[in-house]
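Note sheet for the following structure.
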Amino acid sequence: MEQLYQQVILDHSKHPNGKGLVDLTDDLLGGESHQVNPTCGDEVTMRVMFEGTGGDRTISKVSWDGQGCSISQASISILTDLVEGKKVSEAEAVAELFRDLMNTRGKGFADDDAEAEDKEDQLGDATAFTGVSKFPARIKCALLGWSALRDTFAKTGALADAQAATVTGTGGVHEPHGE
Amino acid sequence: MEHTLSLSELQAVRADFPLLERTVRDGQPLVYLDSGATSQKPHPVLDAEQDFYQQRNAAVHRGAHQLAEEATDAFEGAREQVARFVGVDEDEIVWTSGATAALNLVANGFQHASLGRGGAQAERFRLGAGDEIVVTEVEHHSNLIPWQELAARTGATLKWVPVLDNGRLDTGALATVVTERTKVLAFTHASNVTGAVTDVAAFVNRAREVGAITVLDACQSVPNLPVNFHELGVDFAAFSGHKMLGPTGVGALYGRREMLEAMPAVNFGGSMVEVVTMESATYMPAPQKFEAGTQMVAQAVAMGAAAQYLSDLGMEGVLAHERELAAEMLKIAEIPGIRIIGPMDLEHRLAVVSFVVDGVHAHDVGQLLDNDGIAVRVGHHCAQPLHKRFGAASSSRVSGSVYNTIDEIARFRESLKGVRAFFSVD
């Protein structure tokens, strides 16, 4: 059980960061997402604010409210810590890594994965969820907040901007799949 | 004095369920307290399904060969077993894929009648603006959403009987909620969340006063207490095989004979017709007119075996055992920080106990219990409005069956005591 409920998870679930919605005011760069886990009725509303434009768009503030189990609450809290101040493209990469971690069935990144250490560095406290990936019923709990984050990226066009910038950076806006 | 299952009877019952022998989570004995979701299956049920496939498998109601005869006998014999088990005649039992399908079948019968099908005899099933459909606040989504949809399609109004703080339905509200405009009164026989057994007579009496058709969700009651639909006086009732020790993929709809005759068919195809031309078709009498296409024959046969198994045990004894389990379960109220959603007395209640642990989410409760080998249900148990009514997004639920022991409930209670400490909640 201690493998699943790591102390860092219990701590974050008791004292979550970013909880309490901050008004988006008329900041056109902000986005909101509401996600529900239909199996248990858990839900989260997340608001993400950005600074800058295009490929330089940076996450300035994550705020959220919701109710759920210790896994979902801790995951959103750690997400908040991880992505604030990051570029959208960087946060998207972390979100992708976290999803990969959730597919490792409790093993974490493989020993023969040369980048394993680098990946764990990027995930920081979120590596504490390695044990969660062993329990299929709980993976959705851990991913709830990350789904909300990515949904705000999609809704606000932040993800499209980040992807376009990546393509531009490697040469040629008209060849999105060419590189 | 009610006769409950003796310890030796209980041991014999447990020996019939092969799955109960397995261990979970690093070699711990399994304590299965999720029978309200689905029950485990005894050898006679497993054998009946296998035997059908190995010895009798053939298309029923057609074919002139010996196998077809034997398959048809097994299929119709199962219908008779199930009918007898719930106190009705065999031609009043329609096979369905489950209770949800059975409830949808009735709702769709109203829908087809409202579209003008079924002739003059279907008049009672016709709904329109101004008519009312009444359900209750404790319904499983399967006995709520089909009626929401029917209301939306026909223009009828959906109303509901409220639940009281003690988890029992407010039968006093029937006089006002059910009116002369009410055409359908759909309600559960026993709640899958609170465990409360409904005062069916109060509902049936009120429905008769206004001429409404009654539809009973009997999923939780049929496996756990003696049920006789003729004595209850309901017009329709739905129950599933897999919750009464039978297989998945099969359930049954009971319809009072004149109801099944009058309700229009809703599924069409082979096996349910008399004469077919390119323009139209005539349909067989009930129950066949509701059984289009190849049926779940092996599963029906095994559901018949399940009904027989429970009959042989004796449902009075099953109910008494259920009451003992419920008494043990309700003792969790003594643990600090536990709130039970449902009645605290043992009268008219099943061994189905839902509870909220103050400061700990149901998912986390279930996870810790599972770590001790105890299988419970967590979530909203397909009853979101009821949870909202009791101010909880979700709850944990234990539900018992014929094979559970008092010792198992004690193990669950011990495990539950450690949950709040683990999450440092005081």
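As shown in the structure tokens, the chain order sets the letters A, B, ...; within each chain, residues go from 1, and ligands are also counted from 1 in the order they appear.
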May I have the residues within 12 Å of Leu143 (chain A) as a ChimeraX atom specification, using only C-alpha atoms and disregarding those fewer than 3 positions away in the same chain?
/A:35-37,42-44,71-76,78-79,95-103,126,129,132-133,136-140,146-150
Dump of C-alpha atoms for the selected residues, as a compact mmCIF listing (two decimals), in the first residue's frame:
# COMPACT_ATOMS: atom_id res chain seq x y z
CA GLN A 35 -13.34 16.90 -16.58
CA VAL A 36 -15.32 14.10 -15.00
CA ASN A 37 -14.38 10.54 -14.12
CA ASP A 42 -15.03 12.80 -9.45
CA GLU A 43 -14.57 16.09 -11.21
CA VAL A 44 -12.16 18.96 -11.69
CA ILE A 71 -4.66 10.11 -6.05
CA SER A 72 -6.54 12.56 -8.26
CA GLN A 73 -6.15 15.47 -5.85
CA ALA A 74 -2.43 14.91 -5.33
CA SER A 75 -1.88 14.49 -9.05
CA ILE A 76 -3.49 17.86 -9.82
CA ILE A 78 1.80 18.17 -8.37
CA LEU A 79 0.77 19.08 -11.91
CA ALA A 95 2.03 15.48 -19.82
CA GLU A 96 3.05 12.95 -22.47
CA LEU A 97 5.76 11.56 -20.19
CA PHE A 98 3.28 11.23 -17.34
CA ARG A 99 0.92 9.30 -19.59
CA ASP A 100 3.82 7.03 -20.56
CA LEU A 101 4.56 6.46 -16.87
CA MET A 102 0.94 5.46 -16.29
CA ASN A 103 1.36 2.74 -18.93
CA ALA A 126 5.06 13.02 -10.28
CA PHE A 129 2.72 7.88 -9.14
CA VAL A 132 -0.45 3.91 -9.24
CA SER A 133 0.24 2.54 -12.72
CA PRO A 136 -5.67 -0.04 -13.69
CA ALA A 137 -8.72 1.36 -11.89
CA ARG A 138 -6.67 4.22 -10.46
CA ILE A 139 -4.83 5.39 -13.59
CA LYS A 140 -7.85 7.48 -14.59
CA TRP A 146 -3.67 16.17 -16.89
CA SER A 147 -6.67 15.68 -19.18
CA ALA A 148 -7.99 19.05 -18.03
CA LEU A 149 -4.64 20.72 -18.68
CA ARG A 150 -4.36 19.31 -22.20
Give me the chain B side of the contact with chain A, cut-off 8 Å, one line per residue showing its nearest atom pair and distance in Å at one decimal, counting only C-alpha atoms, sorted by chain and residue number, as JSON lines.
{"residue": "B:Val360", "atom": "CA", "partner": "A:Cys69", "partner_atom": "CA", "distance": 7.5}
{"residue": "B:His361", "atom": "CA", "partner": "A:Cys69", "partner_atom": "CA", "distance": 4.9}
{"residue": "B:Ala362", "atom": "CA", "partner": "A:Cys69", "partner_atom": "CA", "distance": 7.2}
{"residue": "B:His363", "atom": "CA", "partner": "A:Cys69", "partner_atom": "CA", "distance": 6.0}
{"residue": "B:Asp364", "atom": "CA", "partner": "A:Cys69", "partner_atom": "CA", "distance": 6.2}
{"residue": "B:Leu368", "atom": "CA", "partner": "A:Met1", "partner_atom": "CA", "distance": 7.4}
{"residue": "B:Asn371", "atom": "CA", "partner": "A:Met1", "partner_atom": "CA", "distance": 6.9}
{"residue": "B:Val378", "atom": "CA", "partner": "A:Cys40", "partner_atom": "CA", "distance": 7.2}
{"residue": "B:Gly379", "atom": "CA", "partner": "A:Cys40", "partner_atom": "CA", "distance": 4.2}
{"residue": "B:His380", "atom": "CA", "partner": "A:Cys40", "partner_atom": "CA", "distance": 6.0}
{"residue": "B:Ala393", "atom": "CA", "partner": "A:Gly41", "partner_atom": "CA", "distance": 6.2}
{"residue": "B:Ser394", "atom": "CA", "partner": "A:Cys40", "partner_atom": "CA", "distance": 6.3}
{"residue": "B:Phe423", "atom": "CA", "partner": "A:Leu10", "partner_atom": "CA", "distance": 7.2}
Region 47-149 of chain B: residues DSSP assigns to helix (DSSP H, G or I), reported as a PyMOL selection string:
chain B and resi 47-56+66-85+90-92+99-114+120-125+141-143+145-149
Let's see if you can do this: from backbone DSSP, list all strand (DSSP E) residues in chain A, as a ChimeraX atom specification.
/A:31-37,42-51,58-67
Smallest atom-to-atom distance to Gln288 (chain B): which of B:Phe203, B:Trp95, B:Phe125, B:Phe52, using only C-alpha atoms?
B:Trp95
Tell me, in Å to one decimal, how far CA of Glu137 (chain B) is from CA of Ile93 (chain B).
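Computing it gives 27.5 Å between the two atoms.
Near His189 (chain B), within 6 Å and counting only C-alpha atoms, sit Val197, Thr198, Asp217 and Ala218 of chain B; same-chain residues fewer than 5 positions away were not included.
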Kindly save the residues from that selection, with C-alpha atoms included, as a compact mmCIF listing (two decimals), in the first residue's frame.
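Resulting contents of result_25.txt:
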# COMPACT_ATOMS: atom_id res chain seq x y z
CA VAL B 197 -36.98 -2.79 0.75
CA THR B 198 -39.88 -0.82 -0.67
CA ASP B 217 -37.02 -3.16 -10.59
CA ALA B 218 -36.52 -6.44 -8.73
Å distance separating CA of Thr157 (chain B) from CA of Gly128 (chain B), one decimal place:
8.8 Å
Go through B:Lys159, B:His141, B:His242, B:His321 one by one, measure the shortest atom-to-atom distance of each to Val178 (chain B) using only C-alpha atoms, and give the residue with the smallest value.
B:Lys159
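Using only C-alpha atoms, the shortest contact distance between Pro385 (chain B) and any of B:Ala59, B:Val356, B:Ala71, B:Val163 is found at B:Val163.
Our summary of the geometry notes that CA of Lys243 (chain B) is positioned 9.6 Å from CA of Asn224 (chain B).
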